[in-house]
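Everything on this sheet refers to the single structure shown next.
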Amino acid sequence: MTLHKPPVAARRPKRITQHGQTRTDHYYWLRDGDKAGIADYLEAENAYTAAVLKPAEEMEKKLYEEILGRIKQTDLTVPVRISGYYYYSRTEEGLQYPIYCRKKGSLEADEEALLDLNELSRNHKYVRLGNYKPSPDHKRLSYSLDTSGDEVYTTLVKDMETGALLADQVPNTYYGLEWTNDGRSFVYVTLDAAKRPYRAWRHVLGTDPASDALLHEERDERFHLTLSKSRSRRFLFIALQSAATSEIRYAEAADADSLTPRVFAARRDGIEYNVEHHGDWFFVRTTDGGRNFRVLRAPVDSPAPKNWKEWVPHRAQATVESVEAFRDHIVLLERVKGIRKLRVRQLDDAEHTVEMPEQVYTMFPAENPEFDTNVIRFHYCSLVTPMSVFDYNMDTRHRTLLKQTEVLGGYDPSKYETIRVHATAADGVRVPISLVYRKGMRRDGSSRMLLYGYGSYGVSSDPVFSSDRLSLLDRGFTYAIAHIRGGSDLGKTWHDAGKLLKKKNTFEDFIACAEYLIKQKYTSSGGLAILGGSAGGLLMGAVVNARPDLFKAVVAKVPFVDVLNTATDPTLPLTVVEYDEWGNSNEKKFWEYIKSYSPYDNVAARAYPNILATAGLNDPRVSYWEPAKWIARLRTMNSGNSVLLLKTNMSAGHGGASGRYERIKETAFEYAFLLHVMGEGRLLP
């Protein structure tokens with residue numbers, strides 16, 4: 001291969017006929033062709049990308065050192081108390097992975113190292129920890145590992161007194177594991193052929209996993225299965241969830257022999273709910289009665305829906321995101337005008353909202369395993385405030401800062417400013433945008449900007465701090481977040497307005513945000529870069545097809561861009577599960593609507609901006625061939641002189657590299673690409 005010439009991707013075309021229409025896919029072979037040939041092609045793409053970005057190598061190295069230099073490499077997390085033990089993890093300089101530890105009785109006790117991922121990764125290029133659960137008596141540890149990035153885990157059990165692994169080993173498991181209270185058994189989840197979590201099993205220690213008892217099998221392919229346990233530890237919950245409908249099954253968690261799950265409330269299309277337990281009551285958070293959720297109480301001894309009584313009514317202005325039960329308090333995590341709030345209610349119904357120091361911030365509950373406490377722990381940050389961990393006394397209303405992530409190198413938050421502005425979409429809806437930049441930024445259109453968006457699955461794009469991002473801010477970039485429809489940034493109805501046959505609102509909102517930022521002279525089209533990953537990569541592909549003139553550069557991480565082909569293949573992970581998000585392509589109206597925005601299918605002859613797409617060879621969520629096909633097709637249609645690049649991690653999956661130093665390298669590479677195509681600029685004093 002000649003350097004600076006991309007590999008040739010077009011091969012024998014495949015003709016695909018659906019709903020009476022025939023399409024020709026010249027790059028389908030990248031999915032079902034010869035594996036060795038595909039690997040050679042992806043390696044050739046990597047070589048081409050490296051050649052094109054050769055001039056940016058020194059910048060990439062500099063960025064890596066900058067980002068690494070802000071991180072306290074030897075550090076530890078705030079210990080979490082569970083029944084007299086303090087569990088935490090720590091990192092050591094030079095080691096890729098954390099070491100999981102505990103202390104018994106007090107923080108001054110001797111450390112017990114329970115799990116060292118650095119040791120477990122010795123024979124693997126990739127390792128990721130899935131479940132990590134000590135048994136109720138703290139004698140055993142159940143954990144799971146993925147060593148390829150495909151998110152298929154093997155569950156193991158370790159004797160924490162001897163350090164030995166038990167014979168109990170279960171393959172093909174997924175996220176979600178809970179012990180029974182007697183410590184004799186645990187419940188876990190397995191995957192079907194499409195990698196959908198669909199079965200819950202009970203494993204009794206010391207027995208053959210082949211004889212494990214099946215607690216539930218979810219046969220409706222729209223639903224996936226998850227596990228949880230009430231904070232009171234009395235009940236185990238099996239949650240069955242589609243993108244729009246839920247059903248909960250529950251069982252007493254006391255011992256291995258009592259696990260007989262019962263339906264809490266039968267599923268009804270379009271109704272979501274979940275359950276928390278407190279004393280004689282279940283607290284039910286549900287969309288039955290309002291899209292932003294209300295909370296009802298149900299008696300434990302007769303929890304049928306006819307006995308539910310409203311406790312917190314539905315409000316159009318506030319979304320109830322979770323219900324957290326403690327001995328004397330119920331805590332509601334709510335979202336009001338895009339901002340999360342903690343609302344604390346005592347059992348006598350007296351209540352207050354926890355005050356926060358900034359107007360625009362991100363806050364969420366930390367791990368709070370103890371039920372018998374009047375203290376809730378939460379995380380707090382903003383675009384200028386590093387992640388902080390607080391303990392909050394719900395009676396005295398006093399908060400204690402336990403830790404704020406240290407940013408080395410003399411980070412001074414007073415040098416930066418964060419604001420929230422609003423763009424107006426084509427249909428008149430106001431779309432929030434969060435901004436952060438170095439003070440003194442000139443609003444004359446000369447500043448460069450990186451605009452981030454996601455807008456799918458009801459996932460909110462909260463304004464979180466990133467020390468990595470300082471490498472851009474200190475070179476004069478503004479970083480912006482478009483809080484577009486399709487996420488739940490402004491409530492459940494915000495999600496509803498950006499899915500199914502309203503999905504294009506997501507793309508139009510993002511374009512409106514870009515236009516607003518240019519019009520208000522925060523940046524210009526020649527200085528605007530955009531970033532999105534996974535479903536946010538779909539956003540990237542859709543907006544560059546619609547308005548390539550608005551953007552100078554694009555980073556599309558593991559982008560979901562071959563939407564129509566994926567949506568019509570039920571053998572792929574997530575296809576059927578996500579019918580309630582994108583629409584069932586077996587119905588012509590949904591098929592035609594998806595076809596009208598699918599990025600790969602709508603590439604046309606026009607001048608595209610500079611694009612870097614990333615992929616993971618073992619990605620179970622967005623298959624590597626989606627970005628590979630997209631970049632190949634873009635090259636054939638691009639009438640401009642922009643660079644169109646693909647970089648595939650040949651030993652990872654959807655989340656990229658698993659080691660922390662490798663992740664920093666990925667970030668430095670992406671930033672180097674942006675600075676290469678947009679101009680390096682200079683570091684501000």
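Ligands are numbered from 1 in the order shown, chains are lettered A, B, ... in the order of the structure tokens, and residues start at 1 in each chain.
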Within 9 Å of segment 79-94 of chain A, counting only C-alpha atoms, which residues show up once you throw out same-chain ones fewer than 6 positions away? Write them as a short mmCIF file (atom, residue, chain, number, x, y, z; two decimals) with N, CA and C atoms, in the first residue's frame, please.
data_model
loop_
_atom_site.label_atom_id
_atom_site.label_comp_id
_atom_site.auth_asym_id
_atom_site.auth_seq_id
_atom_site.Cartn_x
_atom_site.Cartn_y
_atom_site.Cartn_z
N LYS A 72 -3.36 12.33 39.28
CA LYS A 72 -2.66 11.75 40.43
C LYS A 72 -2.64 10.24 40.22
N GLN A 73 -1.53 9.73 39.76
CA GLN A 73 -1.49 8.34 39.30
C GLN A 73 -1.60 7.33 40.45
N TYR A 100 -8.36 -3.74 43.91
CA TYR A 100 -9.55 -3.66 44.77
C TYR A 100 -9.20 -4.21 46.15
N CYS A 101 -9.54 -3.44 47.19
CA CYS A 101 -9.09 -3.73 48.55
C CYS A 101 -10.22 -3.52 49.55
N ARG A 102 -9.93 -3.89 50.81
CA ARG A 102 -10.84 -3.58 51.91
C ARG A 102 -10.06 -3.52 53.21
N LYS A 103 -10.72 -2.94 54.22
CA LYS A 103 -10.21 -2.95 55.58
C LYS A 103 -11.36 -3.34 56.50
N LYS A 104 -11.04 -4.07 57.54
CA LYS A 104 -12.07 -4.55 58.47
C LYS A 104 -12.10 -3.68 59.72
N GLY A 105 -13.30 -3.17 60.03
CA GLY A 105 -13.50 -2.49 61.31
C GLY A 105 -13.24 -1.01 61.29
N SER A 106 -12.14 -0.57 60.66
CA SER A 106 -11.82 0.85 60.64
C SER A 106 -10.87 1.13 59.49
N LEU A 107 -10.73 2.41 59.17
CA LEU A 107 -9.83 2.80 58.08
C LEU A 107 -8.36 2.69 58.48
N PRO A 136 -22.67 -11.68 51.66
CA PRO A 136 -23.16 -10.99 52.86
C PRO A 136 -22.31 -11.20 54.11
N ASP A 137 -21.64 -12.37 54.20
CA ASP A 137 -20.77 -12.61 55.35
C ASP A 137 -19.33 -12.18 55.09
N HIS A 138 -19.09 -11.61 53.92
CA HIS A 138 -17.78 -11.06 53.54
C HIS A 138 -16.68 -12.11 53.47
N GLU A 367 -22.45 5.19 45.65
CA GLU A 367 -22.84 3.89 46.19
C GLU A 367 -23.25 4.09 47.64
N ASN A 368 -24.47 3.72 47.96
CA ASN A 368 -25.00 3.88 49.32
C ASN A 368 -25.60 2.55 49.77
N PRO A 369 -24.76 1.58 50.13
CA PRO A 369 -25.27 0.24 50.42
C PRO A 369 -25.98 0.11 51.76
N GLU A 370 -25.74 1.02 52.70
CA GLU A 370 -26.29 0.87 54.05
C GLU A 370 -27.70 1.45 54.13
N TYR A 661 -3.92 4.09 30.88
CA TYR A 661 -2.94 4.79 30.04
C TYR A 661 -3.30 4.65 28.57
#
Need to verify the contact set: segment 642-652 of chain A, 10 Å, only C-alpha atoms, exclusion of same-chain residues closer than 6 positions in sequence. Can you return it as a PDB file with N, CA and C atoms, in the first residue's frame?
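Here's the written file out.pdb:
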ATOM      1  N   PRO A   6      -5.653   5.585   0.668  1.00  0.00           N
ATOM      2  CA  PRO A   6      -6.456   4.652   1.472  1.00  0.00           C
ATOM      3  C   PRO A   6      -6.585   3.311   0.781  1.00  0.00           C
ATOM      4  N   ALA A  39      -9.538  -8.397   8.358  1.00  0.00           N
ATOM      5  CA  ALA A  39      -8.510  -7.938   9.299  1.00  0.00           C
ATOM      6  C   ALA A  39      -7.404  -7.193   8.563  1.00  0.00           C
ATOM      7  N   LEU A  42      -8.705  -3.691   7.705  1.00  0.00           N
ATOM      8  CA  LEU A  42      -8.753  -2.795   8.856  1.00  0.00           C
ATOM      9  C   LEU A  42      -7.352  -2.362   9.275  1.00  0.00           C
ATOM     10  N   GLU A  43      -6.383  -3.278   9.194  1.00  0.00           N
ATOM     11  CA  GLU A  43      -5.003  -2.911   9.514  1.00  0.00           C
ATOM     12  C   GLU A  43      -4.465  -1.918   8.487  1.00  0.00           C
ATOM     13  N   ALA A  44      -4.870  -2.086   7.216  1.00  0.00           N
ATOM     14  CA  ALA A  44      -4.444  -1.139   6.186  1.00  0.00           C
ATOM     15  C   ALA A  44      -5.047   0.239   6.438  1.00  0.00           C
ATOM     16  N   GLU A  45      -6.291   0.264   6.897  1.00  0.00           N
ATOM     17  CA  GLU A  45      -6.909   1.547   7.263  1.00  0.00           C
ATOM     18  C   GLU A  45      -6.148   2.193   8.422  1.00  0.00           C
ATOM     19  N   ASN A  46      -5.768   1.395   9.402  1.00  0.00           N
ATOM     20  CA  ASN A  46      -5.000   1.933  10.526  1.00  0.00           C
ATOM     21  C   ASN A  46      -3.664   2.505  10.052  1.00  0.00           C
ATOM     22  N   ALA A  47      -3.028   1.806   9.114  1.00  0.00           N
ATOM     23  CA  ALA A  47      -1.748   2.281   8.586  1.00  0.00           C
ATOM     24  C   ALA A  47      -1.932   3.588   7.812  1.00  0.00           C
ATOM     25  N   TYR A  48      -3.009   3.679   7.060  1.00  0.00           N
ATOM     26  CA  TYR A  48      -3.298   4.908   6.310  1.00  0.00           C
ATOM     27  C   TYR A  48      -3.551   6.074   7.262  1.00  0.00           C
ATOM     28  N   THR A  49      -4.325   5.838   8.306  1.00  0.00           N
ATOM     29  CA  THR A  49      -4.600   6.882   9.302  1.00  0.00           C
ATOM     30  C   THR A  49      -3.310   7.346   9.961  1.00  0.00           C
ATOM     31  N   ALA A  50      -2.447   6.388  10.322  1.00  0.00           N
ATOM     32  CA  ALA A  50      -1.169   6.742  10.942  1.00  0.00           C
ATOM     33  C   ALA A  50      -0.316   7.576   9.987  1.00  0.00           C
ATOM     34  N   VAL A  52      -1.366   9.549   7.446  1.00  0.00           N
ATOM     35  CA  VAL A  52      -1.944  10.879   7.269  1.00  0.00           C
ATOM     36  C   VAL A  52      -1.645  11.769   8.476  1.00  0.00           C
ATOM     37  N   LEU A  53      -1.701  11.162   9.670  1.00  0.00           N
ATOM     38  CA  LEU A  53      -1.512  11.945  10.894  1.00  0.00           C
ATOM     39  C   LEU A  53      -0.073  11.908  11.409  1.00  0.00           C
ATOM     40  N   HIS A 124      -3.548 -10.912  28.688  1.00  0.00           N
ATOM     41  CA  HIS A 124      -4.623 -10.362  27.865  1.00  0.00           C
ATOM     42  C   HIS A 124      -4.298  -8.924  27.470  1.00  0.00           C
ATOM     43  N   LYS A 125      -4.670  -8.551  26.254  1.00  0.00           N
ATOM     44  CA  LYS A 125      -4.533  -7.166  25.815  1.00  0.00           C
ATOM     45  C   LYS A 125      -5.668  -6.303  26.353  1.00  0.00           C
ATOM     46  N   TYR A 126      -6.708  -6.959  26.797  1.00  0.00           N
ATOM     47  CA  TYR A 126      -7.904  -6.245  27.256  1.00  0.00           C
ATOM     48  C   TYR A 126      -8.443  -6.986  28.470  1.00  0.00           C
ATOM     49  N   VAL A 127      -8.848  -6.253  29.478  1.00  0.00           N
ATOM     50  CA  VAL A 127      -9.551  -6.863  30.607  1.00  0.00           C
ATOM     51  C   VAL A 127     -10.473  -5.820  31.219  1.00  0.00           C
ATOM     52  N   THR A 147     -12.422 -10.418  28.670  1.00  0.00           N
ATOM     53  CA  THR A 147     -11.037 -10.292  28.208  1.00  0.00           C
ATOM     54  C   THR A 147     -10.938 -10.059  26.703  1.00  0.00           C
ATOM     55  N   SER A 148     -12.041  -9.629  26.076  1.00  0.00           N
ATOM     56  CA  SER A 148     -11.989  -9.351  24.643  1.00  0.00           C
ATOM     57  C   SER A 148     -12.673  -8.050  24.247  1.00  0.00           C
ATOM     58  N   GLY A 149     -13.562  -7.527  25.099  1.00  0.00           N
ATOM     59  CA  GLY A 149     -14.319  -6.335  24.754  1.00  0.00           C
ATOM     60  C   GLY A 149     -15.682  -6.626  24.184  1.00  0.00           C
ATOM     61  N   ASP A 150     -16.067  -7.902  24.125  1.00  0.00           N
ATOM     62  CA  ASP A 150     -17.386  -8.246  23.561  1.00  0.00           C
ATOM     63  C   ASP A 150     -18.492  -8.237  24.602  1.00  0.00           C
ATOM     64  N   GLU A 151     -18.143  -7.887  25.849  1.00  0.00           N
ATOM     65  CA  GLU A 151     -19.104  -7.780  26.956  1.00  0.00           C
ATOM     66  C   GLU A 151     -19.788  -9.108  27.284  1.00  0.00           C
ATOM     67  N   LYS A 552     -16.031  21.976  10.592  1.00  0.00           N
ATOM     68  CA  LYS A 552     -14.662  21.813  10.100  1.00  0.00           C
ATOM     69  C   LYS A 552     -14.152  20.394  10.323  1.00  0.00           C
ATOM     70  N   ALA A 553     -14.528  19.788  11.448  1.00  0.00           N
ATOM     71  CA  ALA A 553     -13.992  18.466  11.796  1.00  0.00           C
ATOM     72  C   ALA A 553     -15.009  17.695  12.621  1.00  0.00           C
ATOM     73  N   VAL A 554     -14.913  16.360  12.540  1.00  0.00           N
ATOM     74  CA  VAL A 554     -15.839  15.465  13.227  1.00  0.00           C
ATOM     75  C   VAL A 554     -15.049  14.322  13.844  1.00  0.00           C
ATOM     76  N   VAL A 555     -15.309  14.021  15.108  1.00  0.00           N
ATOM     77  CA  VAL A 555     -14.829  12.783  15.727  1.00  0.00           C
ATOM     78  C   VAL A 555     -16.059  11.949  16.042  1.00  0.00           C
ATOM     79  N   ALA A 556     -16.172  10.819  15.333  1.00  0.00           N
ATOM     80  CA  ALA A 556     -17.310   9.915  15.508  1.00  0.00           C
ATOM     81  C   ALA A 556     -16.788   8.610  16.107  1.00  0.00           C
ATOM     82  N   LYS A 557     -17.048   8.422  17.398  1.00  0.00           N
ATOM     83  CA  LYS A 557     -16.499   7.263  18.118  1.00  0.00           C
ATOM     84  C   LYS A 557     -17.502   6.112  18.057  1.00  0.00           C
ATOM     85  N   VAL A 558     -17.008   4.948  17.607  1.00  0.00           N
ATOM     86  CA  VAL A 558     -17.840   3.752  17.395  1.00  0.00           C
ATOM     87  C   VAL A 558     -19.250   4.143  16.921  1.00  0.00           C
ATOM     88  N   ALA A 607     -19.077  18.077  -0.483  1.00  0.00           N
ATOM     89  CA  ALA A 607     -17.823  18.274   0.243  1.00  0.00           C
ATOM     90  C   ALA A 607     -18.068  18.043   1.730  1.00  0.00           C
ATOM     91  N   TYR A 608     -17.426  17.022   2.273  1.00  0.00           N
ATOM     92  CA  TYR A 608     -17.592  16.679   3.682  1.00  0.00           C
ATOM     93  C   TYR A 608     -16.471  17.281   4.522  1.00  0.00           C
ATOM     94  N   PRO A 609     -16.728  17.515   5.805  1.00  0.00           N
ATOM     95  CA  PRO A 609     -15.656  17.987   6.694  1.00  0.00           C
ATOM     96  C   PRO A 609     -14.656  16.872   6.978  1.00  0.00           C
ATOM     97  N   ASN A 610     -13.584  17.206   7.658  1.00  0.00           N
ATOM     98  CA  ASN A 610     -12.610  16.206   8.097  1.00  0.00           C
ATOM     99  C   ASN A 610     -13.267  15.287   9.128  1.00  0.00           C
ATOM    100  N   ILE A 611     -13.088  13.980   8.962  1.00  0.00           N
ATOM    101  CA  ILE A 611     -13.765  13.027   9.846  1.00  0.00           C
ATOM    102  C   ILE A 611     -12.785  11.965  10.322  1.00  0.00           C
ATOM    103  N   LEU A 612     -12.794  11.725  11.620  1.00  0.00           N
ATOM    104  CA  LEU A 612     -12.110  10.584  12.224  1.00  0.00           C
ATOM    105  C   LEU A 612     -13.169   9.689  12.841  1.00  0.00           C
ATOM    106  N   ALA A 613     -13.265   8.446  12.374  1.00  0.00           N
ATOM    107  CA  ALA A 613     -14.180   7.463  12.958  1.00  0.00           C
ATOM    108  C   ALA A 613     -13.355   6.387  13.649  1.00  0.00           C
ATOM    109  N   THR A 614     -13.821   5.941  14.804  1.00  0.00           N
ATOM    110  CA  THR A 614     -13.148   4.858  15.514  1.00  0.00           C
ATOM    111  C   THR A 614     -14.061   3.636  15.575  1.00  0.00           C
ATOM    112  N   ALA A 615     -13.434   2.474  15.764  1.00  0.00           N
ATOM    113  CA  ALA A 615     -14.176   1.214  15.834  1.00  0.00           C
ATOM    114  C   ALA A 615     -13.468   0.275  16.791  1.00  0.00           C
ATOM    115  N   GLY A 616     -14.212  -0.717  17.293  1.00  0.00           N
ATOM    116  CA  GLY A 616     -13.649  -1.795  18.097  1.00  0.00           C
ATOM    117  C   GLY A 616     -13.972  -3.115  17.435  1.00  0.00           C
ATOM    118  N   LEU A 617     -12.970  -3.913  17.144  1.00  0.00           N
ATOM    119  CA  LEU A 617     -13.191  -5.153  16.398  1.00  0.00           C
ATOM    120  C   LEU A 617     -14.185  -6.069  17.095  1.00  0.00           C
ATOM    121  N   ASN A 618     -14.195  -6.063  18.437  1.00  0.00           N
ATOM    122  CA  ASN A 618     -15.056  -6.980  19.192  1.00  0.00           C
ATOM    123  C   ASN A 618     -16.306  -6.301  19.740  1.00  0.00           C
ATOM    124  N   ASP A 619     -16.637  -5.157  19.208  1.00  0.00           N
ATOM    125  CA  ASP A 619     -17.763  -4.364  19.705  1.00  0.00           C
ATOM    126  C   ASP A 619     -19.090  -5.093  19.488  1.00  0.00           C
ATOM    127  N   TYR A 624     -17.954  -3.296  14.118  1.00  0.00           N
ATOM    128  CA  TYR A 624     -16.843  -2.580  13.485  1.00  0.00           C
ATOM    129  C   TYR A 624     -17.140  -2.197  12.041  1.00  0.00           C
ATOM    130  N   TRP A 625     -17.966  -3.036  11.344  1.00  0.00           N
ATOM    131  CA  TRP A 625     -18.186  -2.765   9.925  1.00  0.00           C
ATOM    132  C   TRP A 625     -19.007  -1.492   9.680  1.00  0.00           C
ATOM    133  N   PRO A 627     -18.682   1.785  11.062  1.00  0.00           N
ATOM    134  CA  PRO A 627     -17.786   2.892  10.698  1.00  0.00           C
ATOM    135  C   PRO A 627     -16.890   2.574   9.511  1.00  0.00           C
ATOM    136  N   ALA A 628     -16.488   1.301   9.345  1.00  0.00           N
ATOM    137  CA  ALA A 628     -15.612   0.939   8.223  1.00  0.00           C
ATOM    138  C   ALA A 628     -16.319   1.179   6.890  1.00  0.00           C
ATOM    139  N   LYS A 629     -17.550   0.739   6.778  1.00  0.00           N
ATOM    140  CA  LYS A 629     -18.331   0.938   5.550  1.00  0.00           C
ATOM    141  C   LYS A 629     -18.607   2.423   5.308  1.00  0.00           C
ATOM    142  N   TRP A 630     -18.918   3.118   6.368  1.00  0.00           N
ATOM    143  CA  TRP A 630     -19.276   4.544   6.264  1.00  0.00           C
ATOM    144  C   TRP A 630     -18.110   5.363   5.718  1.00  0.00           C
ATOM    145  N   ILE A 631     -16.928   5.177   6.289  1.00  0.00           N
ATOM    146  CA  ILE A 631     -15.759   5.926   5.828  1.00  0.00           C
ATOM    147  C   ILE A 631     -15.436   5.566   4.384  1.00  0.00           C
ATOM    148  N   ALA A 632     -15.545   4.288   4.034  1.00  0.00           N
ATOM    149  CA  ALA A 632     -15.258   3.870   2.658  1.00  0.00           C
ATOM    150  C   ALA A 632     -16.213   4.551   1.678  1.00  0.00           C
ATOM    151  N   LEU A 634     -17.961   7.352   2.192  1.00  0.00           N
ATOM    152  CA  LEU A 634     -17.715   8.787   2.203  1.00  0.00           C
ATOM    153  C   LEU A 634     -16.588   9.156   1.233  1.00  0.00           C
ATOM    154  N   ARG A 635     -15.550   8.339   1.210  1.00  0.00           N
ATOM    155  CA  ARG A 635     -14.409   8.655   0.341  1.00  0.00           C
ATOM    156  C   ARG A 635     -14.803   8.664  -1.134  1.00  0.00           C
ATOM    157  N   SER A 658      -9.087  -0.797  27.603  1.00  0.00           N
ATOM    158  CA  SER A 658      -9.488  -1.001  28.999  1.00  0.00           C
ATOM    159  C   SER A 658      -8.500  -0.399  29.996  1.00  0.00           C
ATOM    160  N   GLU A 666      -5.791   7.196  23.552  1.00  0.00           N
ATOM    161  CA  GLU A 666      -6.894   7.373  22.620  1.00  0.00           C
ATOM    162  C   GLU A 666      -7.366   8.826  22.606  1.00  0.00           C
ATOM    163  N   PHE A 673      -5.756  14.817  16.226  1.00  0.00           N
ATOM    164  CA  PHE A 673      -6.455  14.902  14.950  1.00  0.00           C
ATOM    165  C   PHE A 673      -7.131  16.261  14.808  1.00  0.00           C
ATOM    166  N   VAL A 677      -6.114  19.233  11.950  1.00  0.00           N
ATOM    167  CA  VAL A 677      -6.964  19.720  10.853  1.00  0.00           C
ATOM    168  C   VAL A 677      -7.525  21.113  11.124  1.00  0.00           C
TER     169      VAL A 677
END
Mind giving me the straight-line distance from atom CA of Arg420 of chain A to atom CA of Val360 of chain A in Å, one decimal?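 So the two atoms, atom CA of Arg420 of chain A and atom CA of Val360 of chain A, lie 7.5 Å apart.
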Which residues are close to Arg485 of chain A, i.e. within 9 Å by only C-alpha atoms, leaving aside same-chain residues fewer than 6 positions away? Reply as JSON, numbers by chain. {"A": [431, 455, 456, 458, 493, 494, 495, 496, 497, 498, 499, 503, 505, 506, 507, 509, 510]}
Expected answer as a PyMOL selection string: helix (DSSP H, G or I) residues in segment 417-645 of chain A: chain A and resi 470-473+492-496+500-502+504-519+525-527+535-546+548-550+563-567+579-582+588-597+600-602+625-637
Give me, as JSON, numbers by chain, all polymer residues having an atom no more than 7 Å from Val312 of chain A, counting only C-alpha atoms and skipping those fewer than 4 positions away in the same chain. {"A": [294, 295, 296]}
Output C-alpha atoms for every residue in the selection just made, as an mmCIF file, in the first residue's frame.
data_model
loop_
_atom_site.group_PDB
_atom_site.id
_atom_site.type_symbol
_atom_site.label_atom_id
_atom_site.label_comp_id
_atom_site.auth_asym_id
_atom_site.auth_seq_id
_atom_site.Cartn_x
_atom_site.Cartn_y
_atom_site.Cartn_z
ATOM 1 C CA ARG A 294 -44.946 9.849 39.948
ATOM 2 C CA VAL A 295 -44.380 7.786 43.111
ATOM 3 C CA LEU A 296 -46.938 5.530 44.792
#
Please run DSSP on the backbone and report, as a PyMOL selection string, all residues within segment 375-530 of chain A that come out as strand (DSSP E). chain A and resi 375-381+388-393+399-404+416-424+430-438+448-452+477-482+528-530
